[in-house]
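S.K.: Sharing query-v7.txt below, compact mmCIF, N, CA and C atoms:
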# COMPACT_ATOMS: atom_id res chain seq x y z
N MET A 1 105.95 44.49 183.18
CA MET A 1 105.02 44.05 182.14
C MET A 1 105.13 44.99 180.94
N SER A 2 104.89 44.47 179.78
CA SER A 2 105.05 45.24 178.55
C SER A 2 103.81 46.02 178.17
N ILE A 3 103.97 46.95 177.24
CA ILE A 3 102.84 47.72 176.72
C ILE A 3 101.82 46.76 176.14
N LYS A 4 102.30 45.81 175.34
CA LYS A 4 101.38 44.85 174.72
C LYS A 4 100.59 44.08 175.78
N LYS A 5 101.27 43.58 176.80
CA LYS A 5 100.58 42.80 177.83
C LYS A 5 99.54 43.65 178.56
N HIS A 6 99.90 44.89 178.89
CA HIS A 6 98.95 45.78 179.55
C HIS A 6 97.76 46.06 178.63
N TYR A 7 98.04 46.27 177.35
CA TYR A 7 96.97 46.57 176.40
C TYR A 7 96.04 45.36 176.25
N VAL A 8 96.61 44.18 176.15
CA VAL A 8 95.80 42.96 176.03
C VAL A 8 94.96 42.76 177.30
N GLU A 9 95.57 43.01 178.47
CA GLU A 9 94.82 42.91 179.74
C GLU A 9 93.69 43.94 179.77
N PHE A 10 93.95 45.13 179.25
CA PHE A 10 92.93 46.18 179.16
C PHE A 10 91.74 45.70 178.32
N ARG A 11 92.04 45.15 177.14
CA ARG A 11 90.97 44.67 176.24
C ARG A 11 90.20 43.51 176.87
N ASN A 12 90.91 42.59 177.53
CA ASN A 12 90.26 41.45 178.18
C ASN A 12 89.33 41.93 179.30
N ALA A 13 89.83 42.85 180.13
CA ALA A 13 89.01 43.37 181.23
C ALA A 13 87.79 44.10 180.68
N LEU A 14 87.98 44.84 179.61
CA LEU A 14 86.88 45.56 178.98
C LEU A 14 85.81 44.60 178.48
N SER A 15 86.25 43.52 177.86
CA SER A 15 85.29 42.54 177.32
C SER A 15 84.52 41.84 178.44
N LYS A 16 85.10 41.79 179.63
CA LYS A 16 84.43 41.16 180.77
C LYS A 16 83.63 42.17 181.59
N GLY A 17 83.68 43.43 181.18
CA GLY A 17 82.95 44.47 181.89
C GLY A 17 83.62 44.94 183.17
N ASP A 18 84.89 44.58 183.36
CA ASP A 18 85.63 45.00 184.55
C ASP A 18 86.28 46.35 184.26
N ILE A 19 85.50 47.39 184.43
CA ILE A 19 85.93 48.75 184.07
C ILE A 19 87.12 49.21 184.91
N GLN A 20 87.14 48.88 186.19
CA GLN A 20 88.25 49.30 187.04
C GLN A 20 89.56 48.70 186.56
N LYS A 21 89.58 47.40 186.33
CA LYS A 21 90.80 46.74 185.86
C LYS A 21 91.18 47.26 184.47
N ALA A 22 90.18 47.45 183.61
CA ALA A 22 90.44 47.97 182.27
C ALA A 22 91.12 49.34 182.36
N THR A 23 90.60 50.19 183.22
CA THR A 23 91.16 51.53 183.38
C THR A 23 92.60 51.45 183.89
N GLU A 24 92.83 50.61 184.89
CA GLU A 24 94.19 50.45 185.44
C GLU A 24 95.17 49.96 184.38
N GLU A 25 94.76 48.95 183.62
CA GLU A 25 95.65 48.38 182.61
C GLU A 25 95.91 49.37 181.47
N PHE A 26 94.86 50.11 181.07
CA PHE A 26 95.07 51.09 180.01
C PHE A 26 96.03 52.18 180.47
N GLU A 27 95.86 52.62 181.72
CA GLU A 27 96.77 53.65 182.24
C GLU A 27 98.21 53.17 182.23
N LYS A 28 98.43 51.92 182.62
CA LYS A 28 99.79 51.37 182.60
C LYS A 28 100.33 51.32 181.17
N ALA A 29 99.51 50.82 180.24
CA ALA A 29 99.94 50.75 178.84
C ALA A 29 100.21 52.16 178.31
N PHE A 30 99.30 53.08 178.61
CA PHE A 30 99.44 54.44 178.11
C PHE A 30 100.69 55.12 178.67
N ASN A 31 100.92 54.98 179.97
CA ASN A 31 102.09 55.62 180.58
C ASN A 31 103.38 55.14 179.92
N GLU A 32 103.49 53.84 179.68
CA GLU A 32 104.69 53.31 179.03
C GLU A 32 104.76 53.77 177.57
N ALA A 33 103.61 53.78 176.89
CA ALA A 33 103.57 54.21 175.49
C ALA A 33 103.91 55.69 175.37
N PHE A 34 103.45 56.49 176.34
CA PHE A 34 103.69 57.92 176.29
C PHE A 34 105.18 58.24 176.51
N ILE A 35 105.83 57.48 177.37
CA ILE A 35 107.27 57.65 177.56
C ILE A 35 108.00 57.38 176.24
N LEU A 36 107.60 56.32 175.56
CA LEU A 36 108.20 55.99 174.27
C LEU A 36 107.89 57.09 173.24
N TYR A 37 106.66 57.60 173.25
CA TYR A 37 106.25 58.68 172.35
C TYR A 37 107.13 59.92 172.57
N GLN A 38 107.33 60.28 173.84
CA GLN A 38 108.17 61.44 174.15
C GLN A 38 109.60 61.22 173.68
N HIS A 39 110.10 59.99 173.86
CA HIS A 39 111.45 59.66 173.41
C HIS A 39 111.56 59.82 171.89
N LYS A 40 110.56 59.32 171.18
CA LYS A 40 110.57 59.41 169.71
C LYS A 40 110.53 60.88 169.27
N LEU A 41 109.68 61.67 169.91
CA LEU A 41 109.59 63.09 169.56
C LEU A 41 110.91 63.81 169.82
N THR A 42 111.46 63.59 171.00
CA THR A 42 112.70 64.26 171.40
C THR A 42 113.86 63.91 170.48
N ASN A 43 113.93 62.65 170.09
CA ASN A 43 115.06 62.18 169.27
C ASN A 43 114.77 62.17 167.78
N ASN A 44 113.60 62.72 167.41
CA ASN A 44 113.20 62.78 166.00
C ASN A 44 113.28 61.40 165.34
N GLU A 45 112.72 60.40 166.03
CA GLU A 45 112.71 59.02 165.52
C GLU A 45 111.29 58.62 165.17
N LYS A 46 111.19 57.58 164.36
CA LYS A 46 109.90 57.01 164.00
C LYS A 46 109.66 55.75 164.83
N PHE A 47 108.37 55.42 165.02
CA PHE A 47 108.04 54.16 165.67
C PHE A 47 108.41 53.02 164.73
N ASN A 48 108.99 51.97 165.29
CA ASN A 48 109.33 50.78 164.52
C ASN A 48 108.13 49.84 164.59
N LEU A 49 107.31 49.83 163.54
CA LEU A 49 106.06 49.08 163.56
C LEU A 49 106.26 47.57 163.44
N SER A 50 107.48 47.15 163.13
CA SER A 50 107.74 45.70 163.10
C SER A 50 108.13 45.19 164.49
N ASP A 51 108.35 46.11 165.43
CA ASP A 51 108.61 45.75 166.83
C ASP A 51 107.27 45.74 167.56
N GLU A 52 106.91 44.58 168.12
CA GLU A 52 105.59 44.44 168.75
C GLU A 52 105.31 45.46 169.84
N GLU A 53 106.31 45.74 170.66
CA GLU A 53 106.12 46.73 171.74
C GLU A 53 105.82 48.11 171.17
N GLU A 54 106.56 48.50 170.15
CA GLU A 54 106.35 49.82 169.55
C GLU A 54 105.02 49.86 168.81
N LEU A 55 104.66 48.77 168.15
CA LEU A 55 103.36 48.70 167.48
C LEU A 55 102.24 48.87 168.50
N PHE A 56 102.33 48.17 169.64
CA PHE A 56 101.28 48.29 170.66
C PHE A 56 101.32 49.65 171.35
N ALA A 57 102.46 50.30 171.35
CA ALA A 57 102.51 51.68 171.85
C ALA A 57 101.66 52.56 170.93
N VAL A 58 101.79 52.37 169.62
CA VAL A 58 101.00 53.16 168.67
C VAL A 58 99.51 52.82 168.80
N VAL A 59 99.19 51.54 169.00
CA VAL A 59 97.79 51.13 169.21
C VAL A 59 97.22 51.85 170.44
N THR A 60 97.97 51.84 171.52
CA THR A 60 97.53 52.48 172.77
C THR A 60 97.37 53.99 172.57
N LEU A 61 98.32 54.59 171.89
CA LEU A 61 98.26 56.04 171.65
C LEU A 61 97.08 56.38 170.73
N PHE A 62 96.81 55.51 169.75
CA PHE A 62 95.66 55.71 168.87
C PHE A 62 94.36 55.66 169.68
N ASP A 63 94.25 54.67 170.56
CA ASP A 63 93.06 54.56 171.42
C ASP A 63 92.90 55.83 172.26
N ASN A 64 93.99 56.36 172.75
CA ASN A 64 93.93 57.58 173.55
C ASN A 64 93.47 58.76 172.70
N MET A 65 93.95 58.84 171.46
CA MET A 65 93.53 59.90 170.55
C MET A 65 92.02 59.80 170.30
N ILE A 66 91.51 58.56 170.13
CA ILE A 66 90.07 58.37 169.95
C ILE A 66 89.33 58.86 171.20
N GLY A 67 89.92 58.63 172.37
CA GLY A 67 89.34 59.12 173.62
C GLY A 67 89.25 60.64 173.63
N PHE A 68 90.30 61.32 173.17
CA PHE A 68 90.27 62.79 173.08
C PHE A 68 89.11 63.21 172.18
N TYR A 69 89.01 62.56 171.03
CA TYR A 69 87.97 62.87 170.05
C TYR A 69 86.59 62.68 170.69
N LYS A 70 86.40 61.54 171.30
CA LYS A 70 85.10 61.19 171.92
C LYS A 70 84.71 62.18 173.00
N GLU A 71 85.69 62.62 173.79
CA GLU A 71 85.43 63.53 174.91
C GLU A 71 85.38 65.00 174.48
N GLY A 72 85.55 65.27 173.19
CA GLY A 72 85.48 66.65 172.70
C GLY A 72 86.75 67.44 172.96
N MET A 73 87.84 66.75 173.25
CA MET A 73 89.13 67.42 173.48
C MET A 73 89.83 67.55 172.12
N ILE A 74 89.23 68.37 171.27
CA ILE A 74 89.62 68.44 169.86
C ILE A 74 91.04 68.97 169.67
N ASP A 75 91.39 70.05 170.36
CA ASP A 75 92.75 70.61 170.18
C ASP A 75 93.81 69.57 170.53
N GLU A 76 93.58 68.85 171.63
CA GLU A 76 94.54 67.83 172.05
C GLU A 76 94.58 66.68 171.04
N GLY A 77 93.42 66.28 170.58
CA GLY A 77 93.33 65.19 169.62
C GLY A 77 94.01 65.52 168.30
N VAL A 78 93.75 66.73 167.80
CA VAL A 78 94.35 67.16 166.53
C VAL A 78 95.87 67.26 166.67
N ALA A 79 96.34 67.89 167.73
CA ALA A 79 97.79 68.04 167.93
C ALA A 79 98.46 66.67 168.01
N PHE A 80 97.81 65.77 168.73
CA PHE A 80 98.37 64.44 168.87
C PHE A 80 98.38 63.70 167.53
N ALA A 81 97.24 63.72 166.83
CA ALA A 81 97.15 63.04 165.53
C ALA A 81 98.20 63.57 164.56
N GLU A 82 98.36 64.88 164.53
CA GLU A 82 99.33 65.50 163.61
C GLU A 82 100.77 65.08 163.97
N SER A 83 101.06 64.98 165.26
CA SER A 83 102.41 64.55 165.64
C SER A 83 102.63 63.09 165.25
N MET A 84 101.58 62.27 165.35
CA MET A 84 101.72 60.86 165.00
C MET A 84 101.93 60.66 163.50
N VAL A 85 101.39 61.58 162.69
CA VAL A 85 101.63 61.52 161.24
C VAL A 85 103.14 61.52 160.98
N GLU A 86 103.86 62.30 161.78
CA GLU A 86 105.32 62.42 161.62
C GLU A 86 106.09 61.27 162.24
N LEU A 87 105.46 60.53 163.16
CA LEU A 87 106.18 59.50 163.93
C LEU A 87 105.98 58.07 163.41
N VAL A 88 105.16 57.90 162.38
CA VAL A 88 104.98 56.57 161.79
C VAL A 88 105.48 56.59 160.35
N ASP A 89 106.07 55.48 159.93
CA ASP A 89 106.58 55.38 158.56
C ASP A 89 105.54 54.88 157.57
N SER A 90 104.55 54.18 158.06
CA SER A 90 103.54 53.58 157.19
C SER A 90 102.65 54.64 156.55
N PRO A 91 102.61 54.69 155.21
CA PRO A 91 101.70 55.64 154.54
C PRO A 91 100.24 55.42 154.96
N LYS A 92 99.88 54.16 155.20
CA LYS A 92 98.51 53.82 155.60
C LYS A 92 98.18 54.42 156.96
N LEU A 93 99.10 54.31 157.92
CA LEU A 93 98.86 54.86 159.25
C LEU A 93 98.97 56.38 159.26
N LYS A 94 99.84 56.93 158.42
CA LYS A 94 99.91 58.38 158.28
C LYS A 94 98.55 58.91 157.81
N GLU A 95 97.99 58.24 156.80
CA GLU A 95 96.69 58.64 156.26
C GLU A 95 95.59 58.51 157.33
N MET A 96 95.66 57.45 158.13
CA MET A 96 94.67 57.24 159.18
C MET A 96 94.71 58.39 160.19
N PHE A 97 95.90 58.70 160.71
CA PHE A 97 96.00 59.78 161.70
C PHE A 97 95.57 61.11 161.09
N LYS A 98 95.97 61.36 159.83
CA LYS A 98 95.60 62.60 159.16
C LYS A 98 94.08 62.68 158.97
N SER A 99 93.46 61.56 158.60
CA SER A 99 92.01 61.54 158.38
C SER A 99 91.25 61.82 159.67
N PHE A 100 91.68 61.20 160.76
CA PHE A 100 91.01 61.47 162.04
C PHE A 100 91.21 62.93 162.44
N SER A 101 92.38 63.47 162.18
CA SER A 101 92.66 64.87 162.46
C SER A 101 91.70 65.77 161.68
N LEU A 102 91.53 65.47 160.39
CA LEU A 102 90.63 66.27 159.55
C LEU A 102 89.19 66.18 160.05
N GLY A 103 88.78 64.99 160.50
CA GLY A 103 87.44 64.83 161.05
C GLY A 103 87.22 65.69 162.28
N MET A 104 88.23 65.69 163.16
CA MET A 104 88.13 66.52 164.37
C MET A 104 88.08 67.99 164.00
N GLN A 105 88.98 68.40 163.08
CA GLN A 105 89.05 69.81 162.68
C GLN A 105 87.75 70.28 162.03
N ALA A 106 87.08 69.36 161.32
CA ALA A 106 85.81 69.70 160.65
C ALA A 106 84.64 69.74 161.63
N GLY A 107 84.89 69.33 162.88
CA GLY A 107 83.82 69.36 163.88
C GLY A 107 82.81 68.23 163.74
N ILE A 108 83.20 67.16 163.08
CA ILE A 108 82.31 66.01 162.89
C ILE A 108 82.36 65.16 164.16
N PRO A 109 81.21 64.90 164.78
CA PRO A 109 81.21 64.06 165.98
C PRO A 109 81.80 62.68 165.67
N LEU A 110 82.46 62.08 166.65
CA LEU A 110 83.14 60.80 166.45
C LEU A 110 82.21 59.73 165.88
N ASP A 111 81.02 59.58 166.46
CA ASP A 111 80.13 58.52 165.98
C ASP A 111 79.74 58.74 164.51
N GLU A 112 79.53 59.97 164.13
CA GLU A 112 79.22 60.28 162.73
C GLU A 112 80.44 60.02 161.84
N PHE A 113 81.61 60.43 162.30
CA PHE A 113 82.83 60.20 161.53
C PHE A 113 83.03 58.70 161.28
N MET A 114 82.83 57.91 162.33
CA MET A 114 83.00 56.45 162.21
C MET A 114 81.98 55.88 161.22
N ARG A 115 80.77 56.35 161.28
CA ARG A 115 79.69 55.83 160.44
C ARG A 115 79.84 56.29 158.98
N GLU A 116 80.19 57.55 158.78
CA GLU A 116 80.20 58.13 157.44
C GLU A 116 81.53 58.03 156.69
N TYR A 117 82.63 57.97 157.42
CA TYR A 117 83.93 58.06 156.76
C TYR A 117 84.81 56.81 156.90
N VAL A 118 84.67 56.09 158.00
CA VAL A 118 85.50 54.91 158.23
C VAL A 118 84.78 53.68 157.68
N ASP A 119 85.51 52.87 156.92
CA ASP A 119 84.92 51.64 156.38
C ASP A 119 85.09 50.53 157.41
N LEU A 120 84.08 50.38 158.25
CA LEU A 120 84.14 49.39 159.33
C LEU A 120 83.91 47.96 158.84
N SER A 121 83.56 47.82 157.56
CA SER A 121 83.33 46.47 157.02
C SER A 121 84.65 45.78 156.67
N LYS A 122 85.72 46.54 156.65
CA LYS A 122 87.03 45.98 156.28
C LYS A 122 87.95 45.93 157.49
N VAL A 123 88.68 44.83 157.60
CA VAL A 123 89.75 44.72 158.59
C VAL A 123 91.04 44.71 157.78
N ASP A 124 91.92 45.61 158.10
CA ASP A 124 93.16 45.72 157.34
C ASP A 124 94.05 44.51 157.60
N GLU A 125 94.58 43.94 156.53
CA GLU A 125 95.45 42.76 156.68
C GLU A 125 96.75 43.09 157.39
N GLU A 126 97.35 44.20 157.02
CA GLU A 126 98.64 44.57 157.59
C GLU A 126 98.51 45.09 159.02
N TYR A 127 97.49 45.90 159.26
CA TYR A 127 97.29 46.54 160.57
C TYR A 127 95.85 46.32 161.06
N PRO A 128 95.51 45.10 161.46
CA PRO A 128 94.13 44.84 161.90
C PRO A 128 93.75 45.57 163.20
N GLN A 129 94.74 46.09 163.93
CA GLN A 129 94.49 46.79 165.19
C GLN A 129 93.96 48.21 164.98
N PHE A 130 94.05 48.70 163.74
CA PHE A 130 93.73 50.10 163.47
C PHE A 130 92.51 50.24 162.56
N LEU A 131 91.90 51.39 162.64
CA LEU A 131 90.79 51.75 161.75
C LEU A 131 91.37 52.55 160.60
N CYS A 132 92.00 51.85 159.66
CA CYS A 132 92.72 52.56 158.61
C CYS A 132 92.11 52.37 157.22
N ASN A 133 90.88 51.89 157.17
CA ASN A 133 90.17 51.81 155.90
C ASN A 133 89.06 52.84 155.90
N PHE A 134 89.04 53.64 154.86
CA PHE A 134 88.08 54.73 154.79
C PHE A 134 87.20 54.61 153.56
N LYS A 135 86.02 55.19 153.69
CA LYS A 135 85.09 55.24 152.56
C LYS A 135 85.52 56.34 151.61
N GLU A 136 84.98 56.31 150.42
CA GLU A 136 85.28 57.29 149.39
C GLU A 136 85.02 58.72 149.89
N LYS A 137 84.04 58.87 150.78
CA LYS A 137 83.64 60.18 151.30
C LYS A 137 84.79 60.92 151.99
N ILE A 138 85.81 60.20 152.46
CA ILE A 138 86.93 60.84 153.16
C ILE A 138 87.62 61.87 152.26
N LYS A 139 87.53 61.68 150.95
CA LYS A 139 88.17 62.61 150.00
C LYS A 139 87.59 64.01 150.12
N GLU A 140 86.32 64.11 150.56
CA GLU A 140 85.71 65.43 150.77
C GLU A 140 86.48 66.22 151.82
N LEU A 141 86.90 65.55 152.89
CA LEU A 141 87.64 66.23 153.97
C LEU A 141 89.05 66.60 153.51
N ILE A 142 89.66 65.72 152.74
CA ILE A 142 91.04 65.94 152.29
C ILE A 142 91.11 67.13 151.35
N GLN A 143 90.08 67.32 150.56
CA GLN A 143 90.08 68.39 149.56
C GLN A 143 89.72 69.77 150.12
N GLU A 144 89.15 69.76 151.33
CA GLU A 144 88.73 71.07 151.90
C GLU A 144 89.89 71.93 152.29
Show me the file's structure as structure tokens.
M.R.:
Amino acid sequence: MSIKKHYVEFRNALSKGDIQKATEEFEKAFNEAFILYQHKLTNNEKFNLSDEEELFAVVTLFDNMIGFYKEGMIDEGVAFAESMVELVDSPKLKEMFKSFSLGMQAGIPLDEFMREYVDLSKVDEEYPQFLCNFKEKIKELIQE
């Protein structure tokens, strides 16, 4: 099964409240995505965002980074976000990973960061799977 299929199964199980199945499917998606992540790092390659499998690998890895942030695993989250800045070609996704990294480094709790800095009223046309629209306030973190 593919990363995308596992990720979709994860989201479906989550929406039905089946936490066990959601956890199993996310782990499968994450394990496959992490292997691809390690390959990209080792070979100094970028994720091909026009390839659905690689795009869903980035989606899965982004979800995992949000998990680090939520659980207070800031060092892991920042290191991961910073590495992803180098592994994606999209300026929009680079900015997204960098912004989340800055939020973690500033010690802003995830729920506050989402409320104060992420523009949740917008769904990005190019990358609707990601939280890549930010409020004007994000400039405060970038300038620090």
S.K.: Calculate how many Å separate atom N of Ala29 of chain A from atom C of His6 of chain A, rounding to one decimal.
M.R.: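 Atom C of His6 of chain A lies 5.3 Å from atom N of Ala29 of chain A.
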S.K.: Please report as a Markdown table every residue of segment 25-57 of chain A lying within 8 Å of segment 89-111 of chain A, along with the nearest atom pair and their distance in Å (one decimal), using all atoms listed in the file.
M.R.:
| residue | atom | partner | partner_atom | distance |
| --- | --- | --- | --- | --- |
| A:Lys46 | CA | A:Asp89 | N | 5.8 |
| A:Phe47 | N | A:Asp89 | N | 5.6 |
| A:Asn48 | N | A:Asp89 | N | 7.0 |
| A:Leu49 | N | A:Asp89 | N | 6.8 |
S.K.: Report, in Å to a single decimal, how far apart atom CA of Asp75 of chain A and atom C of Glu140 of chain A are.
M.R.: 19.9 Å
S.K.: Leaving out Glu76 of chain A and any residue of its chain fewer than 2 positions from it, which residues lie within 12 Å of it when counting only C-alpha atoms, given as a list of chain:residue names?
M.R.: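 Selected residues are A:Asn64, A:Met65, A:Ile66, A:Gly67, A:Phe68, A:Tyr69, A:Lys70, A:Glu71, A:Gly72, A:Met73, A:Ile74, A:Val78, A:Ala79, A:Phe80, A:Ala81, A:Glu82, A:Ser83, A:Ser101, A:Met104, A:Gln105.
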S.K.: Quick one, how far is atom N of Leu61 of chain A from atom C of Lys5 of chain A?
M.R.: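 For atom N of Leu61 of chain A relative to atom C of Lys5 of chain A, the distance reads 12.9 Å.
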S.K.: Quick one: pick out all helix (DSSP H, G or I) residues within segment 3-71 of chain A from a backbone DSSP run and write them as a ChimeraX atom specification.
M.R.: /A:3-15,19-42,52-70
S.K.: With a distance cut-off of 9 Å and only C-alpha atoms, select the neighbouring residues of Gln129 of chain A, excluding the residue or stretch itself and same-chain residues fewer than 3 positions from it, and output the selection as a PyMOL selection string.
M.R.: chain A and resi 56+59+123-124+126+132
S.K.: Assuming the input is short of atoms at segment 71-87 of chain A, produce N, CA, C and O atoms for that part as a compact mmCIF listing (two decimals), keeping the file's coordinate frame.
M.R.:
# COMPACT_ATOMS: atom_id res chain seq x y z
N GLU A 71 85.69 62.62 173.79
CA GLU A 71 85.43 63.53 174.91
C GLU A 71 85.38 65.00 174.48
O GLU A 71 85.23 65.88 175.32
N GLY A 72 85.55 65.27 173.19
CA GLY A 72 85.48 66.65 172.70
C GLY A 72 86.75 67.44 172.96
O GLY A 72 86.73 68.67 172.90
N MET A 73 87.84 66.75 173.25
CA MET A 73 89.13 67.42 173.48
C MET A 73 89.83 67.55 172.12
O MET A 73 90.84 66.91 171.85
N ILE A 74 89.23 68.37 171.27
CA ILE A 74 89.62 68.44 169.86
C ILE A 74 91.04 68.97 169.67
O ILE A 74 91.81 68.40 168.89
N ASP A 75 91.39 70.05 170.36
CA ASP A 75 92.75 70.61 170.18
C ASP A 75 93.81 69.57 170.53
O ASP A 75 94.79 69.41 169.80
N GLU A 76 93.58 68.85 171.63
CA GLU A 76 94.54 67.83 172.05
C GLU A 76 94.58 66.68 171.04
O GLU A 76 95.64 66.18 170.70
N GLY A 77 93.42 66.28 170.58
CA GLY A 77 93.33 65.19 169.62
C GLY A 77 94.01 65.52 168.30
O GLY A 77 94.76 64.72 167.75
N VAL A 78 93.75 66.73 167.80
CA VAL A 78 94.35 67.16 166.53
C VAL A 78 95.87 67.26 166.67
O VAL A 78 96.61 66.74 165.83
N ALA A 79 96.34 67.89 167.73
CA ALA A 79 97.79 68.04 167.93
C ALA A 79 98.46 66.67 168.01
O ALA A 79 99.51 66.44 167.42
N PHE A 80 97.81 65.77 168.73
CA PHE A 80 98.37 64.44 168.87
C PHE A 80 98.38 63.70 167.53
O PHE A 80 99.38 63.11 167.14
N ALA A 81 97.24 63.72 166.83
CA ALA A 81 97.15 63.04 165.53
C ALA A 81 98.20 63.57 164.56
O ALA A 81 98.87 62.80 163.87
N GLU A 82 98.36 64.88 164.53
CA GLU A 82 99.33 65.50 163.61
C GLU A 82 100.77 65.08 163.97
O GLU A 82 101.59 64.86 163.08
N SER A 83 101.06 64.98 165.26
CA SER A 83 102.41 64.55 165.64
C SER A 83 102.63 63.09 165.25
O SER A 83 103.72 62.71 164.84
N MET A 84 101.58 62.27 165.35
CA MET A 84 101.72 60.86 165.00
C MET A 84 101.93 60.66 163.50
O MET A 84 102.59 59.72 163.08
N VAL A 85 101.39 61.58 162.69
CA VAL A 85 101.63 61.52 161.24
C VAL A 85 103.14 61.52 160.98
O VAL A 85 103.64 60.82 160.11
N GLU A 86 103.86 62.30 161.78
CA GLU A 86 105.32 62.42 161.62
C GLU A 86 106.09 61.27 162.24
O GLU A 86 107.25 61.04 161.91
N LEU A 87 105.46 60.53 163.16
CA LEU A 87 106.18 59.50 163.93
C LEU A 87 105.98 58.07 163.41
O LEU A 87 106.56 57.14 163.96
